[in-house]
>>> print(open('coords_6.tsv').read())   # TSV, N, CA and C atoms
chain	number	residue	atom	x	y	z
I	28	MET	N	103.72	97.41	112.30
I	28	MET	CA	105.12	97.52	112.64
I	28	MET	C	105.21	98.46	113.83
I	29	ASN	N	106.04	98.06	114.79
I	29	ASN	CA	106.24	98.94	115.94
I	29	ASN	C	107.60	99.64	115.84
I	30	ARG	N	107.88	100.51	116.81
I	30	ARG	CA	109.10	101.31	116.79
I	30	ARG	C	110.35	100.43	116.84
I	31	ARG	N	110.33	99.36	117.63
I	31	ARG	CA	111.49	98.47	117.75
I	31	ARG	C	111.82	97.82	116.40
I	32	ALA	N	110.80	97.36	115.70
I	32	ALA	CA	111.01	96.73	114.39
I	32	ALA	C	111.53	97.76	113.38
I	33	ALA	N	110.96	98.95	113.39
I	33	ALA	CA	111.42	99.98	112.45
I	33	ALA	C	112.88	100.32	112.68
I	34	LEU	N	113.28	100.44	113.93
I	34	LEU	CA	114.69	100.73	114.23
I	34	LEU	C	115.60	99.59	113.80
I	35	ALA	N	115.14	98.35	113.99
I	35	ALA	CA	115.95	97.20	113.56
I	35	ALA	C	116.14	97.21	112.05
I	36	TYR	N	115.10	97.52	111.31
I	36	TYR	CA	115.21	97.56	109.85
I	36	TYR	C	116.16	98.67	109.40
I	37	LEU	N	116.19	99.77	110.12
I	37	LEU	CA	117.03	100.89	109.72
I	37	LEU	C	118.48	100.74	110.14
I	38	ARG	N	118.73	100.18	111.31
I	38	ARG	CA	120.08	100.20	111.88
I	38	ARG	C	120.94	99.00	111.50
I	39	GLN	N	120.35	97.87	111.28
I	39	GLN	CA	121.17	96.67	111.04
I	39	GLN	C	121.65	96.61	109.60
I	40	PRO	N	122.86	96.06	109.39
I	40	PRO	CA	123.37	95.91	108.02
I	40	PRO	C	122.42	95.03	107.20
I	41	GLY	N	122.24	95.38	105.97
I	41	GLY	CA	121.34	94.62	105.10
I	41	GLY	C	119.90	95.01	105.30
I	42	GLY	N	119.66	96.06	106.07
I	42	GLY	CA	118.31	96.52	106.33
I	42	GLY	C	117.79	97.38	105.18
I	43	LEU	N	117.09	98.43	105.54
I	43	LEU	CA	116.46	99.25	104.51
I	43	LEU	C	117.34	100.39	104.01
I	44	LEU	N	118.35	100.77	104.77
I	44	LEU	CA	119.22	101.86	104.34
I	44	LEU	C	120.67	101.40	104.31
I	45	PRO	N	121.36	101.46	103.21
I	45	PRO	CA	120.85	101.75	101.88
I	45	PRO	C	120.07	100.55	101.34
I	46	MET	N	119.17	100.81	100.45
I	46	MET	CA	118.32	99.76	99.90
I	46	MET	C	119.15	98.81	99.04
I	47	GLN	N	119.12	97.51	99.41
I	47	GLN	CA	119.84	96.50	98.64
I	47	GLN	C	118.88	95.47	98.05
I	48	LEU	N	117.73	95.30	98.68
I	48	LEU	CA	116.69	94.40	98.20
I	48	LEU	C	115.38	95.17	98.18
I	49	PRO	N	114.39	94.70	97.42
I	49	PRO	CA	113.07	95.34	97.48
I	49	PRO	C	112.53	95.31	98.92
I	50	TYR	N	111.83	96.35	99.30
I	50	TYR	CA	111.34	96.48	100.67
I	50	TYR	C	110.53	95.27	101.12
I	51	ASP	N	109.66	94.75	100.25
I	51	ASP	CA	108.82	93.63	100.67
I	51	ASP	C	109.65	92.39	100.97
I	52	HIS	N	110.79	92.22	100.33
I	52	HIS	CA	111.67	91.09	100.63
I	52	HIS	C	112.28	91.26	102.01
I	53	VAL	N	112.75	92.47	102.31
I	53	VAL	CA	113.38	92.73	103.60
I	53	VAL	C	112.36	92.61	104.73
I	54	PHE	N	111.16	93.12	104.53
I	54	PHE	CA	110.14	93.06	105.57
I	54	PHE	C	109.80	91.61	105.94
I	55	ASP	N	109.94	90.69	105.02
I	55	ASP	CA	109.64	89.28	105.28
I	55	ASP	C	110.77	88.53	105.97
I	56	GLN	N	111.89	89.18	106.21
I	56	GLN	CA	113.06	88.49	106.77
I	56	GLN	C	113.28	88.85	108.23
I	57	GLY	N	112.28	88.57	109.04
I	57	GLY	CA	112.35	88.88	110.47
I	57	GLY	C	113.51	88.21	111.17
I	58	TRP	N	113.90	87.02	110.73
I	58	TRP	CA	114.99	86.30	111.36
I	58	TRP	C	116.31	87.06	111.28
I	59	ARG	N	116.48	87.87	110.25
I	59	ARG	CA	117.72	88.64	110.11
I	59	ARG	C	117.82	89.77	111.12
I	60	PHE	N	116.68	90.23	111.60
I	60	PHE	CA	116.63	91.41	112.45
I	60	PHE	C	116.22	91.11	113.88
I	61	GLY	N	115.94	89.84	114.17
I	61	GLY	CA	115.54	89.47	115.51
I	61	GLY	C	114.18	89.99	115.90
I	62	ILE	N	113.27	90.08	114.93
I	62	ILE	CA	111.92	90.56	115.22
I	62	ILE	C	110.90	89.51	114.81
I	63	LYS	N	109.71	89.61	115.38
I	63	LYS	CA	108.62	88.71	115.02
I	63	LYS	C	107.73	89.41	114.01
I	64	PHE	N	107.20	88.64	113.09
I	64	PHE	CA	106.20	89.21	112.20
I	64	PHE	C	105.08	88.22	112.04
I	65	ARG	N	103.91	88.71	111.77
I	65	ARG	CA	102.72	87.88	111.69
I	65	ARG	C	102.02	88.11	110.36
I	66	LEU	N	101.14	87.19	110.04
I	66	LEU	CA	100.37	87.24	108.81
I	66	LEU	C	98.91	87.47	109.17
I	67	VAL	N	98.25	88.31	108.43
I	67	VAL	CA	96.83	88.54	108.63
I	67	VAL	C	96.07	87.70	107.62
I	68	THR	N	95.19	86.82	108.14
I	68	THR	CA	94.39	85.97	107.27
I	68	THR	C	92.93	86.08	107.66
I	69	PRO	N	92.04	86.30	106.76
I	69	PRO	CA	92.23	86.55	105.34
I	69	PRO	C	92.83	87.94	105.10
I	70	THR	N	93.42	88.10	103.94
I	70	THR	CA	94.07	89.38	103.65
I	70	THR	C	93.02	90.49	103.63
I	71	PRO	N	93.36	91.66	104.15
I	71	PRO	CA	92.39	92.75	104.20
I	71	PRO	C	92.05	93.34	102.83
I	72	CYS	N	92.91	93.12	101.85
I	72	CYS	CA	92.61	93.61	100.51
I	72	CYS	C	93.17	92.61	99.51
I	73	GLY	N	92.58	92.56	98.36
I	73	GLY	CA	93.00	91.60	97.34
I	73	GLY	C	93.34	92.30	96.04
I	74	HIS	N	93.71	91.49	95.08
I	74	HIS	CA	94.06	92.01	93.76
I	74	HIS	C	92.87	91.82	92.84
I	75	ASP	N	92.52	92.87	92.14
I	75	ASP	CA	91.39	92.81	91.21
I	75	ASP	C	91.89	92.26	89.87
I	76	GLU	N	91.52	91.04	89.56
I	76	GLU	CA	91.97	90.39	88.33
I	76	GLU	C	91.39	91.05	87.08
I	77	ALA	N	90.34	91.84	87.23
I	77	ALA	CA	89.72	92.47	86.07
I	77	ALA	C	90.56	93.63	85.53
I	78	ILE	N	91.44	94.17	86.35
I	78	ILE	CA	92.28	95.29	85.91
I	78	ILE	C	93.54	94.73	85.24
I	79	ALA	N	93.74	95.09	84.00
I	79	ALA	CA	94.89	94.59	83.24
I	79	ALA	C	96.17	95.30	83.69
I	80	SER	N	97.27	94.58	83.61
I	80	SER	CA	98.56	95.15	83.97
I	80	SER	C	99.02	96.11	82.88
I	81	THR	N	99.73	97.13	83.31
I	81	THR	CA	100.30	98.08	82.36
I	81	THR	C	101.79	97.83	82.15
I	82	ILE	N	102.30	96.78	82.78
I	82	ILE	CA	103.71	96.44	82.63
I	82	ILE	C	103.86	95.54	81.40
I	83	VAL	N	104.47	96.06	80.36
I	83	VAL	CA	104.66	95.28	79.14
I	83	VAL	C	106.07	95.52	78.60
I	84	ALA	N	106.62	94.51	77.99
I	84	ALA	CA	107.95	94.64	77.37
I	84	ALA	C	107.79	95.25	75.98
I	85	PRO	N	108.77	96.02	75.56
I	85	PRO	CA	108.71	96.58	74.20
I	85	PRO	C	108.70	95.45	73.16
I	86	ALA	N	108.09	95.70	72.03
I	86	ALA	CA	108.01	94.70	70.97
I	86	ALA	C	109.40	94.32	70.50
I	87	GLY	N	109.61	93.02	70.29
I	87	GLY	CA	110.87	92.52	69.78
I	87	GLY	C	111.95	92.33	70.84
I	88	VAL	N	111.65	92.61	72.08
I	88	VAL	CA	112.63	92.46	73.16
I	88	VAL	C	112.37	91.13	73.86
I	89	ARG	N	113.45	90.39	74.06
I	89	ARG	CA	113.32	89.12	74.77
I	89	ARG	C	112.93	89.40	76.22
I	90	ARG	N	111.90	88.75	76.70
I	90	ARG	CA	111.34	89.07	78.01
I	90	ARG	C	111.98	88.29	79.15
I	91	LYS	N	112.56	87.16	78.89
I	91	LYS	CA	113.14	86.34	79.97
I	91	LYS	C	114.60	86.04	79.67
I	92	PHE	N	115.38	85.98	80.73
I	92	PHE	CA	116.76	85.53	80.59
I	92	PHE	C	116.77	84.02	80.37
I	93	ARG	N	117.81	83.51	79.84
I	93	ARG	CA	117.96	82.06	79.72
I	93	ARG	C	117.98	81.46	81.12
I	94	ALA	N	117.57	80.20	81.23
I	94	ALA	CA	117.45	79.53	82.53
I	94	ALA	C	118.76	79.58	83.32
I	95	VAL	N	119.89	79.45	82.63
I	95	VAL	CA	121.18	79.45	83.32
I	95	VAL	C	121.42	80.79	84.00
I	96	ARG	N	121.02	81.87	83.38
I	96	ARG	CA	121.22	83.19	83.97
I	96	ARG	C	120.26	83.45	85.12
I	97	ARG	N	119.19	82.67	85.21
I	97	ARG	CA	118.22	82.84	86.30
I	97	ARG	C	118.55	81.99	87.52
I	98	LEU	N	119.53	81.09	87.42
I	98	LEU	CA	119.87	80.20	88.54
I	98	LEU	C	120.21	80.95	89.84
I	99	PRO	N	120.99	82.02	89.81
I	99	PRO	CA	121.26	82.72	91.07
I	99	PRO	C	119.98	83.24	91.75
I	100	ALA	N	119.04	83.74	90.96
I	100	ALA	CA	117.78	84.21	91.53
I	100	ALA	C	116.98	83.05	92.12
I	101	PHE	N	116.96	81.92	91.43
I	101	PHE	CA	116.25	80.75	91.95
I	101	PHE	C	116.89	80.27	93.25
I	102	ALA	N	118.22	80.26	93.30
I	102	ALA	CA	118.93	79.83	94.52
I	102	ALA	C	118.62	80.78	95.67
I	103	TYR	N	118.62	82.08	95.42
I	103	TYR	CA	118.28	83.06	96.45
I	103	TYR	C	116.86	82.83	96.97
I	104	ARG	N	115.92	82.67	96.06
I	104	ARG	CA	114.52	82.47	96.47
I	104	ARG	C	114.35	81.19	97.26
I	105	LEU	N	114.99	80.11	96.82
I	105	LEU	CA	114.89	78.84	97.54
I	105	LEU	C	115.48	78.97	98.94
I	106	GLY	N	116.66	79.56	99.04
I	106	GLY	CA	117.29	79.75	100.35
I	106	GLY	C	116.45	80.63	101.26
I	107	ASN	N	115.87	81.68	100.70
I	107	ASN	CA	115.03	82.58	101.48
I	107	ASN	C	113.79	81.86	102.00
I	108	GLU	N	113.16	81.05	101.15
I	108	GLU	CA	111.97	80.33	101.58
I	108	GLU	C	112.29	79.27	102.63
I	109	VAL	N	113.44	78.61	102.51
I	109	VAL	CA	113.84	77.62	103.52
I	109	VAL	C	114.08	78.32	104.85
I	110	ARG	N	114.78	79.46	104.82
I	110	ARG	CA	115.00	80.22	106.06
I	110	ARG	C	113.68	80.69	106.66
I	111	ARG	N	112.75	81.12	105.83
I	111	ARG	CA	111.43	81.57	106.32
I	111	ARG	C	110.69	80.41	106.98
I	112	LEU	N	110.75	79.23	106.37
I	112	LEU	CA	110.09	78.05	106.91
I	112	LEU	C	110.69	77.66	108.26
I	113	VAL	N	112.01	77.60	108.34
I	113	VAL	CA	112.69	77.24	109.58
I	113	VAL	C	112.37	78.25	110.67
I	114	TYR	N	112.42	79.53	110.32
I	114	TYR	CA	112.11	80.59	111.28
I	114	TYR	C	110.67	80.46	111.78
I	115	GLY	N	109.74	80.27	110.88
I	115	GLY	CA	108.34	80.14	111.26
I	115	GLY	C	108.08	78.95	112.16
I	116	LEU	N	108.67	77.81	111.82
I	116	LEU	CA	108.50	76.61	112.65
I	116	LEU	C	109.12	76.81	114.02
I	117	ARG	N	110.31	77.39	114.06
I	117	ARG	CA	110.99	77.62	115.34
I	117	ARG	C	110.18	78.55	116.23
I	118	GLU	N	109.66	79.63	115.65
I	118	GLU	CA	108.86	80.58	116.44
I	118	GLU	C	107.55	79.96	116.90
I	119	THR	N	106.93	79.16	116.05
I	119	THR	CA	105.68	78.48	116.43
I	119	THR	C	105.93	77.53	117.59
I	120	LEU	N	106.98	76.74	117.50
I	120	LEU	CA	107.32	75.82	118.59
I	120	LEU	C	107.66	76.56	119.87
I	121	ARG	N	108.38	77.67	119.75
I	121	ARG	CA	108.73	78.47	120.92
I	121	ARG	C	107.47	79.03	121.59
I	122	GLU	N	106.53	79.52	120.80
I	122	GLU	CA	105.28	80.04	121.35
I	122	GLU	C	104.47	78.95	122.03
I	123	ARG	N	104.38	77.80	121.40
I	123	ARG	CA	103.60	76.71	121.99
I	123	ARG	C	104.21	76.24	123.31
I	124	ARG	N	105.54	76.19	123.37
I	124	ARG	CA	106.19	75.79	124.62
I	124	ARG	C	105.95	76.83	125.72
I	125	SER	N	106.00	78.10	125.35
I	125	SER	CA	105.81	79.14	126.38
I	125	SER	C	104.37	79.18	126.86
I	126	THR	N	103.38	78.93	125.99
I	126	THR	CA	101.98	78.93	126.44
I	126	THR	C	101.66	77.66	127.21
I	127	ALA	N	102.33	76.55	126.91
I	127	ALA	CA	102.10	75.31	127.64
I	127	ALA	C	102.63	75.42	129.07
I	128	ARG	N	103.68	76.20	129.28
I	128	ARG	CA	104.28	76.36	130.60
I	128	ARG	C	103.55	77.39	131.45
I	129	ALA	N	102.77	78.26	130.79
I	129	ALA	CA	102.08	79.31	131.54
I	129	ALA	C	101.04	78.71	132.48
I	130	PRO	N	100.91	79.31	133.67
I	130	PRO	CA	99.95	78.76	134.66
I	130	PRO	C	98.52	78.95	134.27
>>> encode(input="coords_6.tsv", output="structure tokens")
Amino acid sequence: MNRRAALAYLRQPGGLLPMQLPYDHVFDQGWRFGIKFRLVTPTPCGHDEAIASTIVAPAGVRRKFRAVRRLPAFAYRLGNEVRRLVYGLRETLRERRSTARAP
């Protein structure tokens, strides 16, 4: 992340201050802030499947909401992924056009 991206995340509405979404969700929404972001492949670190999670629900507590109550979250995730796809395709096409025009 560079200084321009950090300032965009801090200053624009819906950014990091005040926190309205988890940070990792906001960091993935470059289209909202007019910034580019890239993916590093292969990932520099992975998750060790041998380490068990310590996140557990108390005994006797229902762990999931009914499907109807989860619909808003599903709609948000679907919309976010569609926007991410459109943004990624648009930026890829823009880059390819600019490199094709370069001398």
>>> atom_distance(input="coords_6.tsv", atom1="atom C of Ala127 (chain I)", atom2="atom C of Arg30 (chain I)")
28.9 Å
>>> closest_residue(input="coords_6.tsv", among="I:Arg111, I:Arg97, I:Arg89, I:Arg59", to="Pro40 (chain I)", atoms="only C-alpha atoms")
I:Arg59
>>> atom_distance(input="coords_6.tsv", atom1="atom N of Pro99 (chain I)", atom2="atom N of Gly87 (chain I)")
25.1 Å
>>> atom_distance(input="coords_6.tsv", atom1="atom N of Tyr103 (chain I)", atom2="CA of Gly115 (chain I)")
19.0 Å
>>> axis_aligned_box(input="coords_6.tsv", around="region 29-32 of chain I", padding_each_side="8 Å", output="AutoDock Vina command-line options")
--center_x 108.9 --center_y 99.0 --center_z 115.6 --size_x 21.8 --size_y 20.6 --size_z 20.4
>>> select_by_dssp(input="coords_6.tsv", residues="chain I", states="helix (DSSP H, G or I)", output="PyMOL selection string")
chain I and resi 30-38+50-54+57-60+94-128
>>> closest_residue(input="coords_6.tsv", among="I:Thr70, I:Ser80, I:Thr126, I:Gln39", to="Gly57 (chain I)", atoms="only C-alpha atoms")
I:Gln39
>>> residues_near_point(input="coords_6.tsv", point="(110.4, 95.9, 113.3)", cutoff="8 Å", atoms="only N, CA and C atoms", output="NGL selection string")
:I and (28-37 or 57 or 60-64)
